[in-house]
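Okay, structure first, notes after.
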Amino acid sequence: MTGEMSAVTYQSQLDEKSQRLSALFAQYQAPELEVFTSPEQHYRMRAEFRVWHEGDDLYYIMFDQKTKQKYRVDQFPAASRLINDLMPLLTDAIKPIKALRHKLFQVDFLSTLSGEVLVSLLYHRQLDEEWEKEARALKQRLNDEGFNLDLIGRARKQKIVIDREFVVEKLSVDNSTLVYQQVENSFTQPNATVAQKMLEWAIDCTRESEGDLLELYCGNGNFSLALARNFDRVLATEVAKPSVDSAQYNIAANQIDNVQIIRMSAEEFTEAMEGVREFRRLADSGIDLKSYNCNTIFVDPPRAGMDEGTCRMVQGYDRILYISCNPETLKENMEILSETHRVSRFALFDQFPFTHHTEAGVLLERK
């Protein structure tokens with residue numbers, strides 16, 4: 001495929017997504033859609049492959065989503081260059097070593113723009129001291145070849161970390177560098193280039209803000225840290241403990257002193273805000289919700305969107321910045337939010353090129 005043909009194909013799929021998203025929200029009289037493109041190749045920072053054993057050979061496979069047939073994968077253009085560079089070297093190094101290859105059935109890669117990579121090797125057997133010794137030697141050998149790599153071995157109820165279970169990403173955002181710890185098996189934005197554009201869009205949407213920011217579903221503090229510059233304080237909630245731990249690491253790594261993370265679900269936080277329940281963890285953290293002056297709320301919910309109670313709570317804020325990985329549930333939430341708010345900015349982020357998945361962003365302001 002030539003570069004020109006590839007460009008046409010990419011642009012046509014992006015145009016189709018843009019048209020579909022605009023049509024889905026036509027009733028809300030949104031402004032012109034802002035479209036943020038992805039690189040056409042090497043955009044995924046994560047990749048997972050099954051491993052196929054054939055005699056003395058060992059190689060990666062994937063399965064066709066329609067036919068369910070397996071096919072060999074020697075290179076994967078959607079994945080980062082770092083993953084593609086590492087793929088053949090890893091299997092070549094594992095093949096001759098029985099302790100590493102025996103009953104290996106999957107390899108997961110987590111890479112970064114900053115040059116770090118984490119490899120998880122998954123097995124249908126328990127791992128022993130021999131495995132750990134060979135895994136350490138494998139890590140050293142690959143790092144001697146120029147990689148900045150850590151390894152994890154996984155089996156049923158077993159996890160061996162050599163030597164870290166995370167990578168540290170560095171994103172260039174709005175003329176600054178943000179540092180993010182990304183832990184194996186925790187959620188991170190898969191397309192780092194588009195993730196940078198999402199952060200810059202969110203910063204631009206909130207640039208003239210006053211008061212404090214409330215954020216629900218904050219993950220590892222991805223948006224919290226980027227938006228902190230536009231607010232006096234940021235109060236953010238997240239329910240998953242590994243993500244909260246990473247967020248605390250990231251606050252310290254970026255030397256940001258106006259962000260506070262609470263481990264609570266959005267539903268629990270709604271109850272706390274409405275005085276339905278008191279939460280000791282708020283008092284233990286020295287957080288007085290009444291001391292915050294939040295005119296703006298930021299939400300980036302899971303695919304299921306927000307429940308009705310959270311939507312009603314969110315309506316209480318003058319400005320709502322909403323990032324959605326599922327435009328269908330965003331539209332469902334808009335049926336409530338549009339009662340009180342209008343769409344003032346509307347964006348498409350092509351996180352997943354050449355798939356039907358679309359990431360959307362809306363800025364809502366009180367009517």
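Residues are referred to by chain and number: the chain letter is A, B, ... according to the order shown in the structure tokens, the number counts from 1 in that chain, and ligands are numbered separately from 1 in the order shown.
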- [ ] With a distance cut-off of 7 Å and only C-alpha atoms, select the neighbouring residues of Gly211 of chain A, excluding the residue or stretch itself and same-chain residues fewer than 4 positions from it, and output the selection as a ChimeraX atom specification.
- [x] /A:231-232,293-295
Output file for the residues above (N, CA and C atoms, as a PDB file, in the first residue's frame):
ATOM      1  N   PHE A 231      -6.722  25.945  37.369  1.00  0.00           N
ATOM      2  CA  PHE A 231      -7.633  26.041  38.507  1.00  0.00           C
ATOM      3  C   PHE A 231      -6.851  26.316  39.794  1.00  0.00           C
ATOM      4  N   ASP A 232      -7.560  26.861  40.791  1.00  0.00           N
ATOM      5  CA  ASP A 232      -6.933  27.057  42.103  1.00  0.00           C
ATOM      6  C   ASP A 232      -6.594  25.704  42.719  1.00  0.00           C
ATOM      7  N   ASN A 293     -14.656  25.535  45.788  1.00  0.00           N
ATOM      8  CA  ASN A 293     -15.490  26.427  44.978  1.00  0.00           C
ATOM      9  C   ASN A 293     -15.414  25.936  43.527  1.00  0.00           C
ATOM     10  N   CYS A 294     -16.167  24.880  43.236  1.00  0.00           N
ATOM     11  CA  CYS A 294     -16.091  24.226  41.925  1.00  0.00           C
ATOM     12  C   CYS A 294     -17.223  24.701  41.019  1.00  0.00           C
ATOM     13  N   ASN A 295     -16.857  25.448  39.987  1.00  0.00           N
ATOM     14  CA  ASN A 295     -17.826  25.812  38.948  1.00  0.00           C
ATOM     15  C   ASN A 295     -17.746  24.847  37.764  1.00  0.00           C
TER      16      ASN A 295
END
Any chance you could tabulate, as a tab-separated table, the residues of segment 135-204 of chain A at most 7 Å from segment 123-131 of chain A with each one's nearest atom pair and distance in Å to one decimal, using only C-alpha atoms, in chain and rising number order?
residue	atom	partner	partner_atom	distance
A:Ala135	CA	A:Trp131	CA	5.9
A:Arg154	CA	A:Tyr123	CA	6.2
A:Ala155	CA	A:Tyr123	CA	5.0
Same residues, all heavy atoms, output as a PDB file, in the first residue's frame:
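Wrote selection-v7.pdb, looks like this:
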ATOM      1  N   ALA A 135      14.836 -15.311  33.359  1.00  0.00           N
ATOM      2  CA  ALA A 135      14.146 -14.058  33.039  1.00  0.00           C
ATOM      3  C   ALA A 135      15.049 -12.861  33.324  1.00  0.00           C
ATOM      4  O   ALA A 135      15.088 -11.892  32.549  1.00  0.00           O
ATOM      5  CB  ALA A 135      12.844 -13.959  33.825  1.00  0.00           C
ATOM      6  N   ARG A 154       3.733 -14.239  34.713  1.00  0.00           N
ATOM      7  CA  ARG A 154       2.424 -14.514  35.310  1.00  0.00           C
ATOM      8  C   ARG A 154       2.009 -15.953  35.070  1.00  0.00           C
ATOM      9  O   ARG A 154       2.207 -16.500  33.984  1.00  0.00           O
ATOM     10  CB  ARG A 154       1.348 -13.591  34.730  1.00  0.00           C
ATOM     11  CG  ARG A 154       1.378 -12.169  35.271  1.00  0.00           C
ATOM     12  CD  ARG A 154       0.156 -11.392  34.782  1.00  0.00           C
ATOM     13  NE  ARG A 154       0.044 -10.095  35.420  1.00  0.00           N
ATOM     14  CZ  ARG A 154      -0.552  -9.871  36.589  1.00  0.00           C
ATOM     15  NH1 ARG A 154      -1.086 -10.883  37.262  1.00  0.00           N
ATOM     16  NH2 ARG A 154      -0.628  -8.650  37.087  1.00  0.00           N
ATOM     17  N   ALA A 155       1.444 -16.561  36.105  1.00  0.00           N
ATOM     18  CA  ALA A 155       0.817 -17.870  36.001  1.00  0.00           C
ATOM     19  C   ALA A 155      -0.376 -17.846  36.950  1.00  0.00           C
ATOM     20  O   ALA A 155      -0.644 -16.824  37.593  1.00  0.00           O
ATOM     21  CB  ALA A 155       1.799 -18.968  36.381  1.00  0.00           C
TER      22      ALA A 155
END
TODO: Identify, with DSSP run on backbone atoms, the residues in segment 106-274 of chain A assigned to strand (DSSP E), and express the list as number ranges by chain.
DONE: A: 106-111, 116-123, 148-155, 158-162, 166-173, 176-183, 212-216, 234-238, 259-263
Task: Surrounding residues of segment 247-249 of chain A excluding itself and chain neighbours under 2 positions, 6 Å, only C-alpha atoms, as number ranges by chain - done: A: 220-221, 244-245, 251-252
Task: Among the residues A:Cys205, A:Ala192, A:Ile97, A:Val362, the one that comes closest to Leu113 of chain A [using only C-alpha atoms] - done: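 Under the stated criterion, the closest residue is A:Ala192.
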Task: Nearest to Asn333 of chain A, chosen from A:Phe352, A:Phe63, A:Tyr10, A:Phe25, with only C-alpha atoms counted in the distances - done: A:Phe25
- [ ] Compile the contact shell of segment 273-288 of chain A as JSON, numbers by chain: residues with an atom at most 9 Å away, counting only C-alpha atoms, same-chain residues fewer than 6 positions apart removed.
- [x] {"A": [260, 262, 263, 264, 313]}
Which residues of segment 69-182 of chain A come within 8 Å of segment 36-44 of chain A, and what is each one's closest atom pair and distance in Å (one decimal), counting only C-alpha atoms, sorted by chain and residue number, as CSV?
residue,atom,partner,partner_atom,distance
A:Pro77,CA,A:Gln41,CA,5.5
A:Ala78,CA,A:His42,CA,4.7
A:Ala79,CA,A:Arg44,CA,4.5
A:Ser80,CA,A:His42,CA,4.0
A:Arg81,CA,A:His42,CA,5.7
Set out as CSV a contact list for segment 126-157 of chain A and segment 167-183 of chain A with a cut-off of 10 Å, giving each residue of segment 126-157 of chain A that qualifies its closest atom pair and distance in Å to one decimal, counting only C-alpha atoms, ordered by chain and rising residue number.
residue,atom,partner,partner_atom,distance
A:Asn148,CA,A:Val167,CA,9.6
A:Leu149,CA,A:Val167,CA,8.8
A:Asp150,CA,A:Val167,CA,8.3
- [ ] List every residue of segment 126-239 of chain A that DSSP, applied to the backbone of this structure, assigns to helix (DSSP H, G or I), and report them as a PyMOL selection string.
- [x] chain A and resi 129-144+192-205+222-230
Output of the above residues as a PDB file, in the first residue's frame, restricted to C-alpha atoms:
ATOM      1  CA  GLU A 129      13.616 -20.139  40.552  1.00  0.00           C
ATOM      2  CA  GLU A 130      14.995 -21.371  37.226  1.00  0.00           C
ATOM      3  CA  TRP A 131      12.434 -19.237  35.378  1.00  0.00           C
ATOM      4  CA  GLU A 132      13.350 -16.181  37.462  1.00  0.00           C
ATOM      5  CA  LYS A 133      17.086 -16.695  36.865  1.00  0.00           C
ATOM      6  CA  GLU A 134      16.597 -16.990  33.086  1.00  0.00           C
ATOM      7  CA  ALA A 135      14.146 -14.058  33.039  1.00  0.00           C
ATOM      8  CA  ARG A 136      16.723 -11.821  34.726  1.00  0.00           C
ATOM      9  CA  ALA A 137      19.330 -12.896  32.186  1.00  0.00           C
ATOM     10  CA  LEU A 138      16.844 -12.214  29.357  1.00  0.00           C
ATOM     11  CA  LYS A 139      16.137  -8.721  30.674  1.00  0.00           C
ATOM     12  CA  GLN A 140      19.858  -7.977  30.894  1.00  0.00           C
ATOM     13  CA  ARG A 141      20.505  -9.308  27.386  1.00  0.00           C
ATOM     14  CA  LEU A 142      17.763  -7.179  25.817  1.00  0.00           C
ATOM     15  CA  ASN A 143      18.785  -4.076  27.746  1.00  0.00           C
ATOM     16  CA  ASP A 144      22.350  -4.610  26.565  1.00  0.00           C
ATOM     17  CA  ALA A 192      -0.168   8.403  23.302  1.00  0.00           C
ATOM     18  CA  THR A 193      -0.035  10.882  20.404  1.00  0.00           C
ATOM     19  CA  VAL A 194      -3.810  11.391  20.490  1.00  0.00           C
ATOM     20  CA  ALA A 195      -3.735  11.399  24.304  1.00  0.00           C
ATOM     21  CA  GLN A 196      -1.480  14.474  24.137  1.00  0.00           C
ATOM     22  CA  LYS A 197      -4.000  16.178  21.846  1.00  0.00           C
ATOM     23  CA  MET A 198      -6.856  15.309  24.226  1.00  0.00           C
ATOM     24  CA  LEU A 199      -5.006  16.885  27.145  1.00  0.00           C
ATOM     25  CA  GLU A 200      -4.257  20.027  25.140  1.00  0.00           C
ATOM     26  CA  TRP A 201      -7.904  20.311  24.058  1.00  0.00           C
ATOM     27  CA  ALA A 202      -9.078  19.986  27.667  1.00  0.00           C
ATOM     28  CA  ILE A 203      -6.545  22.623  28.767  1.00  0.00           C
ATOM     29  CA  ASP A 204      -7.762  24.959  26.013  1.00  0.00           C
ATOM     30  CA  CYS A 205     -11.425  24.438  26.978  1.00  0.00           C
ATOM     31  CA  ASN A 222      -4.024  11.845  33.505  1.00  0.00           C
ATOM     32  CA  PHE A 223      -6.294  14.882  33.090  1.00  0.00           C
ATOM     33  CA  SER A 224      -6.104  16.086  36.723  1.00  0.00           C
ATOM     34  CA  LEU A 225      -2.423  16.989  36.438  1.00  0.00           C
ATOM     35  CA  ALA A 226      -2.749  18.621  33.016  1.00  0.00           C
ATOM     36  CA  LEU A 227      -5.716  20.757  34.086  1.00  0.00           C
ATOM     37  CA  ALA A 228      -4.293  21.787  37.460  1.00  0.00           C
ATOM     38  CA  ARG A 229      -2.636  24.857  35.886  1.00  0.00           C
ATOM     39  CA  ASN A 230      -6.058  26.316  35.024  1.00  0.00           C
TER      40      ASN A 230
END
Leaving out Phe354 of chain A and any residue of its chain fewer than 4 positions from it, which residues lie within 10 Å of it when counting only C-alpha atoms, given as a compact mmCIF listing (two decimals) with N, CA, C and O atoms, in the first residue's frame?
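Listing of out-v4.txt after writing:
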# COMPACT_ATOMS: atom_id res chain seq x y z
N THR A 9 -7.18 6.16 2.54
CA THR A 9 -7.92 5.19 3.35
C THR A 9 -8.12 5.72 4.76
O THR A 9 -9.21 5.64 5.32
N TYR A 10 -7.07 6.27 5.34
CA TYR A 10 -7.19 6.82 6.69
C TYR A 10 -8.18 7.97 6.71
O TYR A 10 -9.07 8.04 7.57
N GLN A 11 -8.06 8.90 5.76
CA GLN A 11 -8.93 10.06 5.76
C GLN A 11 -10.39 9.67 5.55
O GLN A 11 -11.29 10.22 6.17
N SER A 12 -10.62 8.67 4.70
CA SER A 12 -12.00 8.26 4.43
C SER A 12 -12.63 7.63 5.68
O SER A 12 -13.80 7.88 5.98
N GLN A 13 -11.86 6.81 6.42
CA GLN A 13 -12.42 6.22 7.64
C GLN A 13 -12.67 7.29 8.70
O GLN A 13 -13.65 7.23 9.44
N LEU A 14 -11.79 8.31 8.74
CA LEU A 14 -11.96 9.39 9.71
C LEU A 14 -13.17 10.25 9.34
O LEU A 14 -13.95 10.65 10.22
N LYS A 17 -16.30 8.45 10.43
CA LYS A 17 -16.50 8.59 11.89
C LYS A 17 -17.03 9.98 12.24
O LYS A 17 -17.94 10.12 13.07
N GLU A 40 -0.99 7.10 11.30
CA GLU A 40 -1.61 5.95 10.63
C GLU A 40 -0.98 4.63 11.03
O GLU A 40 -1.58 3.57 10.86
N ALA A 78 0.25 -1.42 13.76
CA ALA A 78 -0.51 -0.54 14.65
C ALA A 78 0.25 -0.25 15.93
O ALA A 78 0.09 0.80 16.55
N ASP A 350 -9.32 10.54 17.38
CA ASP A 350 -9.23 9.24 16.70
C ASP A 350 -8.22 8.33 17.40
O ASP A 350 -7.17 8.00 16.87
Task: From A:Thr112, A:Thr206, A:Tyr28, A:Asp92, residue lying nearest Phe166 of chain A [only C-alpha atoms] - done: A:Thr112
